[in-house]
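Source file protein.pdb; content: PDB, C-alpha atoms.
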```
ATOM      1  CA  MET A1362      24.513 -14.302 -50.123
ATOM      2  CA  SER A1363      22.998 -14.379 -46.600
ATOM      3  CA  THR A1364      20.481 -11.576 -46.094
ATOM      4  CA  ILE A1365      17.331 -10.554 -44.275
ATOM      5  CA  LEU A1366      14.636 -10.169 -46.925
ATOM      6  CA  SER A1367      11.645  -8.830 -44.999
ATOM      7  CA  ALA A1368      10.167  -8.405 -41.535
ATOM      8  CA  SER A1369       6.668  -8.009 -40.119
ATOM      9  CA  ILE A1370       5.060  -7.190 -36.793
ATOM     10  CA  ILE A1371       1.866  -9.155 -36.121
ATOM     11  CA  ARG A1372      -0.683  -9.166 -33.294
ATOM     12  CA  VAL A1373      -0.720 -12.684 -31.860
ATOM     13  CA  ARG A1374      -4.392 -13.141 -30.964
ATOM     14  CA  ASP A1375      -5.837 -12.542 -34.454
ATOM     15  CA  GLY A1376      -2.897 -12.265 -36.889
ATOM     16  CA  LEU A1377      -3.489  -8.548 -37.586
ATOM     17  CA  PRO A1378      -0.391  -7.062 -39.305
ATOM     18  CA  LEU A1379       0.705  -3.930 -37.439
ATOM     19  CA  SER A1380       3.763  -2.986 -39.508
ATOM     20  CA  ALA A1381       6.004  -4.525 -42.166
ATOM     21  CA  SER A1382       8.974  -3.880 -44.398
ATOM     22  CA  THR A1383       8.728  -4.189 -48.167
ATOM     23  CA  ASP A1384      10.518  -6.933 -50.088
ATOM     24  CA  TYR A1385      10.912  -6.673 -53.828
ATOM     25  CA  GLU A1386      11.980 -10.197 -54.751
ATOM     26  CA  GLN A1387       9.314 -11.982 -56.803
ATOM     27  CA  SER A1388      10.781 -15.476 -57.248
ATOM     28  CA  THR A1389       8.605 -18.595 -56.961
ATOM     29  CA  GLY A1390      10.307 -19.555 -53.712
ATOM     30  CA  MET A1391       9.580 -16.145 -52.215
ATOM     31  CA  GLN A1392       5.907 -16.328 -53.183
ATOM     32  CA  LYS A1393       5.685 -19.721 -51.440
ATOM     33  CA  CYS A1394       7.320 -18.254 -48.346
ATOM     34  CA  ARG A1395       4.789 -15.429 -48.270
ATOM     35  CA  LYS A1396       2.023 -18.042 -48.114
ATOM     36  CA  TYR A1397       3.773 -19.756 -45.198
ATOM     37  CA  PHE A1398       4.220 -16.348 -43.604
ATOM     38  CA  LYS A1399       0.460 -15.692 -43.749
ATOM     39  CA  MET A1400      -0.396 -19.169 -42.476
ATOM     40  CA  LEU A1401       1.991 -18.753 -39.542
ATOM     41  CA  SER A1402       0.586 -15.333 -38.643
ATOM     42  CA  LYS A1403      -2.857 -16.911 -38.088
ATOM     43  CA  LYS A1404      -1.460 -19.556 -35.709
ATOM     44  CA  LEU A1405       1.087 -17.616 -33.655
ATOM     45  CA  ALA A1406      -0.772 -18.240 -30.381
ATOM     46  CA  GLN A1407      -0.258 -22.003 -30.837
ATOM     47  CA  PHE A1408       3.544 -21.831 -30.892
ATOM     48  CA  PRO A1409       6.258 -21.070 -28.296
ATOM     49  CA  ASP A1410       7.723 -17.586 -28.055
ATOM     50  CA  ARG A1411      10.799 -18.337 -30.228
ATOM     51  CA  CYS A1412      10.474 -20.434 -33.395
ATOM     52  CA  THR A1413      12.006 -21.195 -36.790
ATOM     53  CA  LEU A1414      10.353 -22.588 -39.916
ATOM     54  CA  LYS A1415      12.702 -23.894 -42.608
ATOM     55  CA  THR A1416      11.232 -23.642 -46.117
ATOM     56  CA  GLY A1417      13.944 -24.832 -48.470
ATOM     57  CA  HIS A1418      16.189 -21.893 -49.404
ATOM     58  CA  TYR A1419      14.571 -19.555 -46.867
ATOM     59  CA  ASN A1420      13.938 -19.484 -43.113
ATOM     60  CA  ILE A1421      11.115 -17.780 -41.225
ATOM     61  CA  ASN A1422      12.084 -16.805 -37.677
ATOM     62  CA  PHE A1423       9.881 -15.129 -35.078
ATOM     63  CA  ILE A1424       9.667 -14.206 -31.414
ATOM     64  CA  SER A1425       6.533 -13.299 -29.453
ATOM     65  CA  SER A1426       6.109 -11.080 -26.409
ATOM     66  CA  LEU A1427       3.263  -9.126 -24.769
ATOM     67  CA  GLY A1428       0.730 -10.211 -27.397
ATOM     68  CA  VAL A1429       2.869  -9.139 -30.384
ATOM     69  CA  SER A1430       5.000 -11.293 -32.686
ATOM     70  CA  TYR A1431       8.078 -10.108 -34.603
ATOM     71  CA  MET A1432       8.633 -12.151 -37.776
ATOM     72  CA  MET A1433      11.377 -12.146 -40.394
ATOM     73  CA  LEU A1434      12.208 -13.912 -43.629
ATOM     74  CA  CYS A1435      15.865 -14.568 -44.427
ATOM     75  CA  THR A1436      18.010 -16.810 -46.593
ATOM     76  CA  GLU A1437      18.758 -20.285 -45.205
ATOM     77  CA  ASN A1438      22.438 -19.492 -44.529
ATOM     78  CA  TYR A1439      21.760 -16.323 -42.497
ATOM     79  CA  PRO A1440      23.253 -16.845 -38.965
ATOM     80  CA  ASN A1441      20.702 -17.708 -36.289
ATOM     81  CA  VAL A1442      22.287 -15.439 -33.714
ATOM     82  CA  LEU A1443      22.037 -12.423 -36.035
ATOM     83  CA  ALA A1444      18.451 -13.292 -36.982
ATOM     84  CA  PHE A1445      17.209 -13.388 -33.371
ATOM     85  CA  SER A1446      19.323 -10.394 -32.389
ATOM     86  CA  PHE A1447      17.586  -8.485 -35.203
ATOM     87  CA  LEU A1448      14.150  -9.562 -33.931
ATOM     88  CA  ASP A1449      15.086  -8.685 -30.356
ATOM     89  CA  GLU A1450      16.088  -5.184 -31.476
ATOM     90  CA  LEU A1451      12.736  -4.721 -33.274
ATOM     91  CA  GLN A1452      10.893  -5.927 -30.187
ATOM     92  CA  LYS A1453      12.626  -3.543 -27.782
ATOM     93  CA  GLU A1454      12.074  -0.531 -30.051
ATOM     94  CA  PHE A1455       8.411  -1.386 -30.705
ATOM     95  CA  ILE A1456       7.639  -1.887 -27.001
ATOM     96  CA  THR A1457       9.197   1.463 -26.079
ATOM     97  CA  THR A1458       7.395   3.256 -28.947
ATOM     98  CA  TYR A1459       3.862   1.826 -28.583
ATOM     99  CA  ASN A1460       2.085   0.799 -25.385
ATOM    100  CA  VAL A1461       0.103  -2.413 -24.929
ATOM    101  CA  MET A1462      -3.278  -0.628 -25.056
ATOM    102  CA  LYS A1463      -2.519   0.756 -28.528
ATOM    103  CA  THR A1464      -1.637  -2.640 -29.950
ATOM    104  CA  ASN A1465      -4.645  -4.302 -28.275
ATOM    105  CA  THR A1466      -7.166  -1.783 -29.616
ATOM    106  CA  ALA A1467      -5.768  -1.462 -33.153
ATOM    107  CA  VAL A1468      -8.419  -2.332 -35.763
ATOM    108  CA  ARG A1469      -6.810  -1.431 -39.106
ATOM    109  CA  PRO A1470      -4.011  -3.459 -40.732
ATOM    110  CA  TYR A1471      -0.625  -1.693 -40.790
ATOM    111  CA  CYS A1472      -1.806   1.082 -38.475
ATOM    112  CA  PHE A1473       1.813   1.422 -37.223
ATOM    113  CA  ILE A1474       3.291   1.534 -40.720
ATOM    114  CA  GLU A1475       5.570   4.430 -39.705
ATOM    115  CA  PHE A1476       7.588   1.835 -37.747
ATOM    116  CA  ASP A1477       8.667   0.516 -41.163
ATOM    117  CA  ASN A1478      11.374   3.215 -41.220
ATOM    118  CA  PHE A1479      13.046   1.650 -38.185
ATOM    119  CA  ILE A1480      12.653  -1.869 -39.650
ATOM    120  CA  GLN A1481      14.345  -0.792 -42.894
ATOM    121  CA  ARG A1482      17.242   0.934 -41.122
ATOM    122  CA  THR A1483      17.822  -2.048 -38.839
ATOM    123  CA  LYS A1484      17.562  -4.485 -41.741
ATOM    124  CA  GLN A1485      20.248  -2.560 -43.665
ATOM    125  CA  ARG A1486      22.560  -2.681 -40.642
ATOM    126  CA  TYR A1487      22.095  -6.420 -40.191
ATOM    127  CA  ASN A1488      22.658  -7.032 -43.892
ATOM    128  CA  ASN A1489      26.029  -5.300 -43.582
ATOM    129  CA  PRO A1490      27.952  -7.292 -40.930
ATOM    130  CA  ARG A1491      31.027  -5.018 -41.099
ATOM    131  CA  SER A1492      29.096  -2.014 -39.832
ATOM    132  CA  LEU A1493      27.210  -4.225 -37.374
ATOM    133  CA  SER A1494      30.013  -6.015 -35.542
ATOM    134  CA  THR A1495      31.191  -2.980 -33.619
ATOM    135  CA  LYS A1496      27.704  -1.887 -32.526
ATOM    136  CA  ILE A1497      26.207  -4.944 -30.857
ATOM    137  CA  ASN A1498      27.378  -7.658 -28.492
ATOM    138  CA  LEU A1499      26.197 -11.067 -29.681
ATOM    139  CA  SER A1500      27.591 -13.138 -26.823
ATOM    140  CA  ASP A1501      24.404 -12.881 -24.705
ATOM    141  CA  MET A1502      22.196 -13.893 -27.631
ATOM    142  CA  GLN A1503      24.530 -16.783 -28.507
ATOM    143  CA  MET A1504      24.307 -18.068 -24.946
ATOM    144  CA  GLU A1505      20.517 -17.683 -24.851
ATOM    145  CA  ILE A1506      20.062 -19.575 -28.128
ATOM    146  CA  LYS A1507      22.410 -22.302 -26.901
ATOM    147  CA  LEU A1508      20.501 -22.700 -23.628
ATOM    148  CA  ARG A1509      17.038 -22.299 -25.171
ATOM    149  CA  PRO A1510      17.160 -22.994 -28.923
ATOM    150  CA  PRO A1511      14.225 -21.918 -31.109
ATOM    151  CA  TYR A1512      11.459 -24.447 -31.637
ATOM    152  CA  GLN A1513      11.737 -25.971 -35.128
ATOM    153  CA  ILE A1514       8.238 -25.964 -36.641
ATOM    154  CA  PRO A1515       7.576 -29.014 -38.832
ATOM    155  CA  MET A1516       5.424 -28.507 -41.920
ATOM    156  CA  CYS A1517       2.777 -30.889 -40.565
ATOM    157  CA  GLU A1518       2.011 -28.384 -37.776
ATOM    158  CA  LEU A1519       1.701 -25.493 -40.171
ATOM    159  CA  GLY A1520      -1.172 -27.008 -42.186
ATOM    160  CA  SER A1521      -1.857 -27.291 -45.884
ATOM    161  CA  GLY A1522      -1.880 -24.367 -48.309
ATOM    162  CA  ASN A1523      -5.626 -24.548 -48.953
ATOM    163  CA  GLY A1524      -6.381 -23.323 -45.457
ATOM    164  CA  VAL A1525      -7.280 -26.714 -43.962
ATOM    165  CA  THR A1526      -5.219 -27.272 -40.836
ATOM    166  CA  SER A1527      -3.487 -30.605 -40.508
ATOM    167  CA  ALA A1528      -3.456 -32.453 -37.202
ATOM    168  CA  PHE A1529      -0.920 -31.354 -34.627
ATOM    169  CA  SER A1530       1.386 -33.862 -33.058
ATOM    170  CA  VAL A1531       0.232 -35.293 -29.728
ATOM    171  CA  ASP A1532       3.392 -34.218 -27.898
ATOM    172  CA  TYR A1533       3.112 -30.617 -28.985
ATOM    173  CA  LYS A1534      -0.578 -30.397 -28.093
ATOM    174  CA  GLY A1535       0.207 -31.772 -24.661
ATOM    175  CA  ALA A1536       2.989 -29.244 -24.195
ATOM    176  CA  GLY A1537       0.617 -26.469 -25.206
ATOM    177  CA  LYS A1538      -1.873 -27.532 -22.549
ATOM    178  CA  ILE A1539       0.802 -27.541 -19.880
ATOM    179  CA  SER A1540       2.126 -24.113 -20.811
ATOM    180  CA  SER A1541      -1.356 -22.558 -21.067
ATOM    181  CA  ALA A1542      -1.993 -23.423 -17.429
ATOM    182  CA  HIS A1543       0.961 -21.211 -16.463
ATOM    183  CA  GLN A1544       0.375 -18.506 -19.074
ATOM    184  CA  ARG A1545       0.724 -14.965 -17.782
ATOM    185  CA  LEU A1546      -1.570 -12.117 -18.739
ATOM    186  CA  GLU A1547      -0.549  -8.686 -19.936
ATOM    187  CA  PRO A1548       0.066  -6.057 -17.215
ATOM    188  CA  ALA A1549      -3.140  -4.746 -15.645
ATOM    189  CA  THR A1550      -4.318  -1.329 -16.818
ATOM    190  CA  LEU A1551      -6.076   1.294 -14.673
ATOM    191  CA  SER A1552      -9.427   0.408 -16.267
ATOM    192  CA  GLY A1553      -8.781  -3.277 -15.488
ATOM    193  CA  ILE A1554      -8.110  -2.487 -11.814
ATOM    194  CA  VAL A1555     -11.304  -0.380 -11.649
ATOM    195  CA  ALA A1556     -13.261  -3.248 -13.253
ATOM    196  CA  PHE A1557     -11.884  -5.706 -10.663
ATOM    197  CA  ILE A1558     -12.905  -3.443  -7.748
ATOM    198  CA  LEU A1559     -16.406  -2.830  -9.166
ATOM    199  CA  SER A1560     -16.984  -6.540  -9.811
ATOM    200  CA  LEU A1561     -15.838  -7.339  -6.268
ATOM    201  CA  LEU A1562     -18.214  -4.652  -4.950
ATOM    202  CA  CYS A1563     -21.155  -6.149  -6.872
ATOM    203  CA  GLY A1564     -20.291  -9.587  -5.502
ATOM    204  CA  VAL A1565     -20.220  -8.278  -1.925
ATOM    205  CA  LEU A1566     -23.565  -6.456  -2.415
ATOM    206  CA  ASN A1567     -25.163  -9.643  -3.756
ATOM    207  CA  LEU A1568     -23.715 -11.634  -0.861
ATOM    208  CA  ILE A1569     -25.079  -9.195   1.762
ATOM    209  CA  ARG A1570     -28.534  -9.216   0.148
ATOM    210  CA  GLY A1571     -28.402 -13.011   0.017
ATOM    211  CA  PHE A1572     -27.652 -13.324   3.752
ATOM    212  CA  HIS A1573     -30.436 -10.849   4.554
ATOM    213  CA  ALA A1574     -32.807 -12.929   2.430
ATOM    214  CA  VAL A1575     -31.776 -16.099   4.312
ATOM    215  CA  GLU A1576     -32.316 -14.336   7.636
ATOM    216  CA  SER A1577     -35.751 -13.149   6.507
ATOM    217  CA  LEU A1578     -36.655 -16.681   5.360
ATOM    218  CA  LEU A1579     -35.683 -18.178   8.718
ATOM    219  CA  GLN A1580     -37.537 -15.561  10.763
ATOM    220  CA  THR A1581     -40.737 -14.853   8.844
ATOM    221  CA  ASP A1582     -40.849 -17.435   6.050
ATOM    222  CA  GLY A1583     -41.773 -14.570   3.743
ATOM    223  CA  GLU A1584     -38.834 -14.804   1.382
ATOM    224  CA  ASP A1585     -38.727 -16.805  -1.839
ATOM    225  CA  LEU A1586     -35.952 -19.433  -1.887
ATOM    226  CA  ASN A1587     -35.340 -18.690  -5.570
ATOM    227  CA  ASP A1588     -34.456 -15.080  -4.680
ATOM    228  CA  ILE A1589     -31.771 -16.359  -2.319
ATOM    229  CA  ILE A1590     -30.372 -18.632  -5.044
ATOM    230  CA  ALA A1591     -30.332 -15.699  -7.501
ATOM    231  CA  PHE A1592     -28.393 -13.510  -5.037
ATOM    232  CA  PHE A1593     -25.776 -16.190  -4.379
ATOM    233  CA  LEU A1594     -25.470 -17.063  -8.089
ATOM    234  CA  GLY A1595     -24.899 -13.362  -8.780
ATOM    235  CA  THR A1596     -22.172 -13.334  -6.122
ATOM    236  CA  ALA A1597     -20.470 -16.372  -7.656
ATOM    237  CA  ALA A1598     -20.650 -14.844 -11.167
ATOM    238  CA  CYS A1599     -19.067 -11.554 -10.021
ATOM    239  CA  LEU A1600     -16.269 -13.335  -8.162
ATOM    240  CA  TYR A1601     -15.619 -15.599 -11.156
ATOM    241  CA  GLN A1602     -15.323 -12.517 -13.367
ATOM    242  CA  CYS A1603     -12.658 -11.235 -10.944
ATOM    243  CA  TYR A1604     -10.846 -14.576 -11.330
ATOM    244  CA  LEU A1605     -10.981 -14.417 -15.149
ATOM    245  CA  LEU A1606      -9.668 -10.853 -15.036
ATOM    246  CA  VAL A1607      -6.608 -11.903 -13.020
ATOM    247  CA  TYR A1608      -5.778 -15.426 -14.267
ATOM    248  CA  TYR A1609      -5.421 -17.068 -17.665
ATOM    249  CA  THR A1610      -7.619 -20.086 -18.412
ATOM    250  CA  GLY A1611      -8.759 -21.975 -21.483
ATOM    251  CA  TRP A1612     -11.812 -20.562 -23.310
ATOM    252  CA  ARG A1613     -11.433 -17.468 -21.140
ATOM    253  CA  ASN A1614     -13.410 -15.094 -23.381
ATOM    254  CA  VAL A1615     -16.268 -17.582 -23.818
ATOM    255  CA  LYS A1616     -16.448 -18.114 -20.046
ATOM    256  CA  SER A1617     -16.569 -14.348 -19.477
ATOM    257  CA  PHE A1618     -19.537 -13.946 -21.869
ATOM    258  CA  LEU A1619     -21.393 -16.864 -20.238
ATOM    259  CA  THR A1620     -20.733 -15.375 -16.787
ATOM    260  CA  PHE A1621     -22.054 -12.008 -17.965
ATOM    261  CA  GLY A1622     -25.169 -13.777 -19.262
ATOM    262  CA  LEU A1623     -25.672 -15.336 -15.816
ATOM    263  CA  ILE A1624     -25.376 -11.882 -14.200
ATOM    264  CA  CYS A1625     -28.056 -10.545 -16.563
ATOM    265  CA  LEU A1626     -30.395 -13.486 -15.828
ATOM    266  CA  CYS A1627     -29.998 -13.079 -12.052
ATOM    267  CA  ASN A1628     -30.780  -9.370 -12.240
ATOM    268  CA  MET A1629     -33.795 -10.013 -14.490
ATOM    269  CA  TYR A1630     -35.148 -12.421 -11.864
ATOM    270  CA  LEU A1631     -34.492  -9.916  -9.060
ATOM    271  CA  TYR A1632     -36.101  -6.937 -10.816
ATOM    272  CA  GLU A1633     -38.871  -6.708  -8.175
ATOM    273  CA  LEU A1634     -36.313  -6.453  -5.355
ATOM    274  CA  ARG A1635     -34.108  -3.825  -6.983
ATOM    275  CA  ASN A1636     -34.817  -0.420  -8.439
ATOM    276  CA  LEU A1637     -33.885   0.548 -11.981
ATOM    277  CA  TRP A1638     -30.600   2.214 -10.984
ATOM    278  CA  GLN A1639     -29.433  -0.850  -9.055
ATOM    279  CA  LEU A1640     -30.199  -3.130 -12.005
ATOM    280  CA  PHE A1641     -28.428  -0.742 -14.385
ATOM    281  CA  PHE A1642     -25.352  -0.617 -12.111
ATOM    282  CA  HIS A1643     -24.984  -4.404 -11.801
ATOM    283  CA  VAL A1644     -25.486  -5.105 -15.534
ATOM    284  CA  THR A1645     -23.197  -2.227 -16.623
ATOM    285  CA  VAL A1646     -20.412  -3.378 -14.293
ATOM    286  CA  GLY A1647     -20.780  -6.935 -15.646
ATOM    287  CA  ALA A1648     -20.471  -5.664 -19.230
ATOM    288  CA  PHE A1649     -17.467  -3.469 -18.351
ATOM    289  CA  VAL A1650     -15.630  -6.349 -16.665
ATOM    290  CA  THR A1651     -16.351  -8.638 -19.633
ATOM    291  CA  LEU A1652     -14.795  -6.041 -21.955
ATOM    292  CA  GLN A1653     -11.696  -5.759 -19.749
ATOM    293  CA  ILE A1654     -11.312  -9.558 -19.708
ATOM    294  CA  TRP A1655     -11.433  -9.555 -23.509
ATOM    295  CA  LEU A1656      -8.863  -6.735 -23.750
ATOM    296  CA  ARG A1657      -6.381  -8.280 -21.312
ATOM    297  CA  GLN A1658      -4.805 -11.038 -23.378
ATOM    298  CA  ALA A1659      -2.071 -13.579 -22.653
ATOM    299  CA  GLN A1660       1.501 -12.418 -23.049
ATOM    300  CA  GLY A1661       4.577 -14.157 -24.326
ATOM    301  CA  LYS A1662       7.984 -14.202 -22.667
ATOM    302  CA  ALA A1663       8.812 -10.755 -21.330
ATOM    303  CA  PRO A1664      11.897  -9.158 -22.854
ATOM    304  CA  ASP A1665      15.127  -9.043 -20.847
ATOM    305  CA  TYR A1666      16.584  -5.534 -20.729
ATOM    306  CA  ASP A1667      19.551  -6.548 -18.492
ATOM    307  CA  VAL A1668      18.220  -4.292 -15.715
TER     308      VAL A1668
END
```
Just give me the structure of the file as structure tokens.
Amino acid sequence: MSTILSASIIRVRDGLPLSASTDYEQSTGMQKCRKYFKMLSKKLAQFPDRCTLKTGHYNINFISSLGVSYMMLCTENYPNVLAFSFLDELQKEFITTYNVMKTNTAVRPYCFIEFDNFIQRTKQRYNNPRSLSTKINLSDMQMEIKLRPPYQIPMCELGSGNGVTSAFSVDYKGAGKISSAHQRLEPATLSGIVAFILSLLCGVLNLIRGFHAVESLLQTDGEDLNDIIAFFLGTAACLYQCYLLVYYTGWRNVKSFLTFGLICLCNMYLYELRNLWQLFFHVTVGAFVTLQIWLRQAQGKAPDYDV
């Protein structure tokens, strides 16, 4: 019999489970699938936004969008179009129920466990095709799957069961590099916009002080060249933080922390030329922007609501 057995909602960046349905089957095959499920949840960021993993008598399907992945386990003969229609329905309901900030700042596993009620109701509908056929139109999903079929994950990309990751294929790694260059970030929040403006302001202030220092050096030769370098380095660091806040790049979080470290070093060197409040302002803005860069993660394919 073709059925959906379980479903989970996972945060992409760290594999944190946000909500899940309960499955009661305890067969050996199911226990193996649960291991694959956990392994996949830790590597979601490495895969495209629509994938299938075939594990013998069971399939694991998932879609990813806006930093959240919607995963399901079903029998091998369950229709693909129904499986991805089910996931699409979970995605639309979850996005309308919880905003991006809530999912980004969640720290406890299963903190949206109340969403399980919707998962269970939807699972029952999709496991009863007679009641389902009159309620949904599958033609759009059939066309989408035909035009853009799910990526079939080979076992070699999943890794071994002992937690040691096997080597990825060269083609897939290359494709990942290409797609990461065009990766879009989640929508900007109000705090992110404020951080961008403050970082830009700090960069402009450093730039003005740097030009004044150059002018003073040329006129009176009483300015230290290292002070000028510190001002311009501070300007570059602030502007680069603005760039990291707006665009996706590899090692983005690491670059943001290194840039913040450069801002701190520049302000430590310039402590004689700035009062305590000015130093506090520049360092606090740098820390705030670094936090916003960390919170604004890459998103998957945005859902189509036929608007």
Axis-aligned box over every listed atom of segment 1646-1656 of chain A, padded by 3 Å per side: centre and edges in Å to one decimal, as AutoDock Vina command-line options?
```
--center_x -14.8 --center_y -6.5 --center_z -19.0 --size_x 17.9 --size_y 12.2 --size_z 15.5
```
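Across the structure, atom CA of Phe1572 of chain A and atom CA of Phe1592 of chain A are spaced 8.8 Å apart.
Run against this file, the PyMOL selection byres ((chain A and resi 1374) around 10) gives back Ile1371, Arg1372, Val1373, Asp1375, Gly1376, Leu1377, Ser1402, Lys1403, Lys1404, Leu1405, Ala1406, Gln1407, Gly1428, Val1429, Ser1430, Asn1465, Gln1658, Ala1659 and Gln1660 of chain A.
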Legend entry - Selection near Phe1473 of chain A, 7 Å with only C-alpha atoms, sequence-local residues under 2 positions removed, as a PyMOL selection string: chain A and resi 1379-1380+1471+1475-1476
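For the atom pair formed by atom CA of Leu1634 of chain A and atom CA of Val1555 of chain A, the distance is 26.5 Å, given to one decimal.
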Inset, instruction - Please identify all polymer residues within 7 Å of Asn1614 of chain A, counting all atoms listed in the file, omitting same-chain residues fewer than 4 positions from it, and present them as a PyMOL selection string. - result: chain A and resi 1618+1654-1655
Legend entry - For atom CA of Thr1413 of chain A and atom CA of Asp1477 of chain A, the interatomic separation in Å (one decimal): 22.4 Å
Inset, instruction - Any chance you could resolve the PyMOL selection byres ((chain A and resi 1575) around 12) against this file and give the residues as a PyMOL selection string? - result: chain A and resi 1568-1574+1576-1593
Legend entry - Shortest interatomic distance to Thr1416 of chain A - which of A:Ile1514, A:Val1646, A:Leu1443, A:Ile1365, counting only C-alpha atoms: A:Ile1514
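Among the candidate residues A:Ser1560, A:Asn1441, A:Gln1639, A:Ser1446, the one lying nearest to Gln1602 of chain A is A:Ser1560, with distances computed using all atoms listed in the file.
When all atoms listed in the file are used to compute distances to Asn1420 of chain A, the closest of the residues A:Tyr1397, A:Tyr1608, A:Phe1479, A:Phe1641 turns out to be A:Tyr1397.
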Inset, instruction - Excluding Cys1599 of chain A and any residue of its chain fewer than 6 positions from it, enumerate the residues within 9 Å of it, using all atoms listed in the file, and give them as a VMD selection string. - result: chain A and resid 1560 to 1565 1567 1620 to 1621 1624 1647
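With only C-alpha atoms as the atoms that count, the minimum distance from Met1400 of chain A to the choices A:Met1516, A:Leu1427, A:Asn1489, A:Cys1435 is reached by A:Met1516.
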Inset, instruction - Excluding Glu1454 of chain A and any residue of its chain fewer than 2 positions from it, enumerate the residues within 12 Å of it, using only C-alpha atoms, and give them as a ChimeraX atom specification. - result: /A:1370,1431,1447-1452,1456-1460,1476-1480,1483,1664,1666
Those residues with C-alpha atoms, as a PDB file, in the frame of the given file please?
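Generated output (result27.pdb):
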```pdb
ATOM      1  CA  ILE A1370       5.060  -7.190 -36.793  1.00  0.00           C
ATOM      2  CA  TYR A1431       8.078 -10.108 -34.603  1.00  0.00           C
ATOM      3  CA  PHE A1447      17.586  -8.485 -35.203  1.00  0.00           C
ATOM      4  CA  LEU A1448      14.150  -9.562 -33.931  1.00  0.00           C
ATOM      5  CA  ASP A1449      15.086  -8.685 -30.356  1.00  0.00           C
ATOM      6  CA  GLU A1450      16.088  -5.184 -31.476  1.00  0.00           C
ATOM      7  CA  LEU A1451      12.736  -4.721 -33.274  1.00  0.00           C
ATOM      8  CA  GLN A1452      10.893  -5.927 -30.187  1.00  0.00           C
ATOM      9  CA  ILE A1456       7.639  -1.887 -27.001  1.00  0.00           C
ATOM     10  CA  THR A1457       9.197   1.463 -26.079  1.00  0.00           C
ATOM     11  CA  THR A1458       7.395   3.256 -28.947  1.00  0.00           C
ATOM     12  CA  TYR A1459       3.862   1.826 -28.583  1.00  0.00           C
ATOM     13  CA  ASN A1460       2.085   0.799 -25.385  1.00  0.00           C
ATOM     14  CA  PHE A1476       7.588   1.835 -37.747  1.00  0.00           C
ATOM     15  CA  ASP A1477       8.667   0.516 -41.163  1.00  0.00           C
ATOM     16  CA  ASN A1478      11.374   3.215 -41.220  1.00  0.00           C
ATOM     17  CA  PHE A1479      13.046   1.650 -38.185  1.00  0.00           C
ATOM     18  CA  ILE A1480      12.653  -1.869 -39.650  1.00  0.00           C
ATOM     19  CA  THR A1483      17.822  -2.048 -38.839  1.00  0.00           C
ATOM     20  CA  PRO A1664      11.897  -9.158 -22.854  1.00  0.00           C
ATOM     21  CA  TYR A1666      16.584  -5.534 -20.729  1.00  0.00           C
TER      22      TYR A1666
END
```
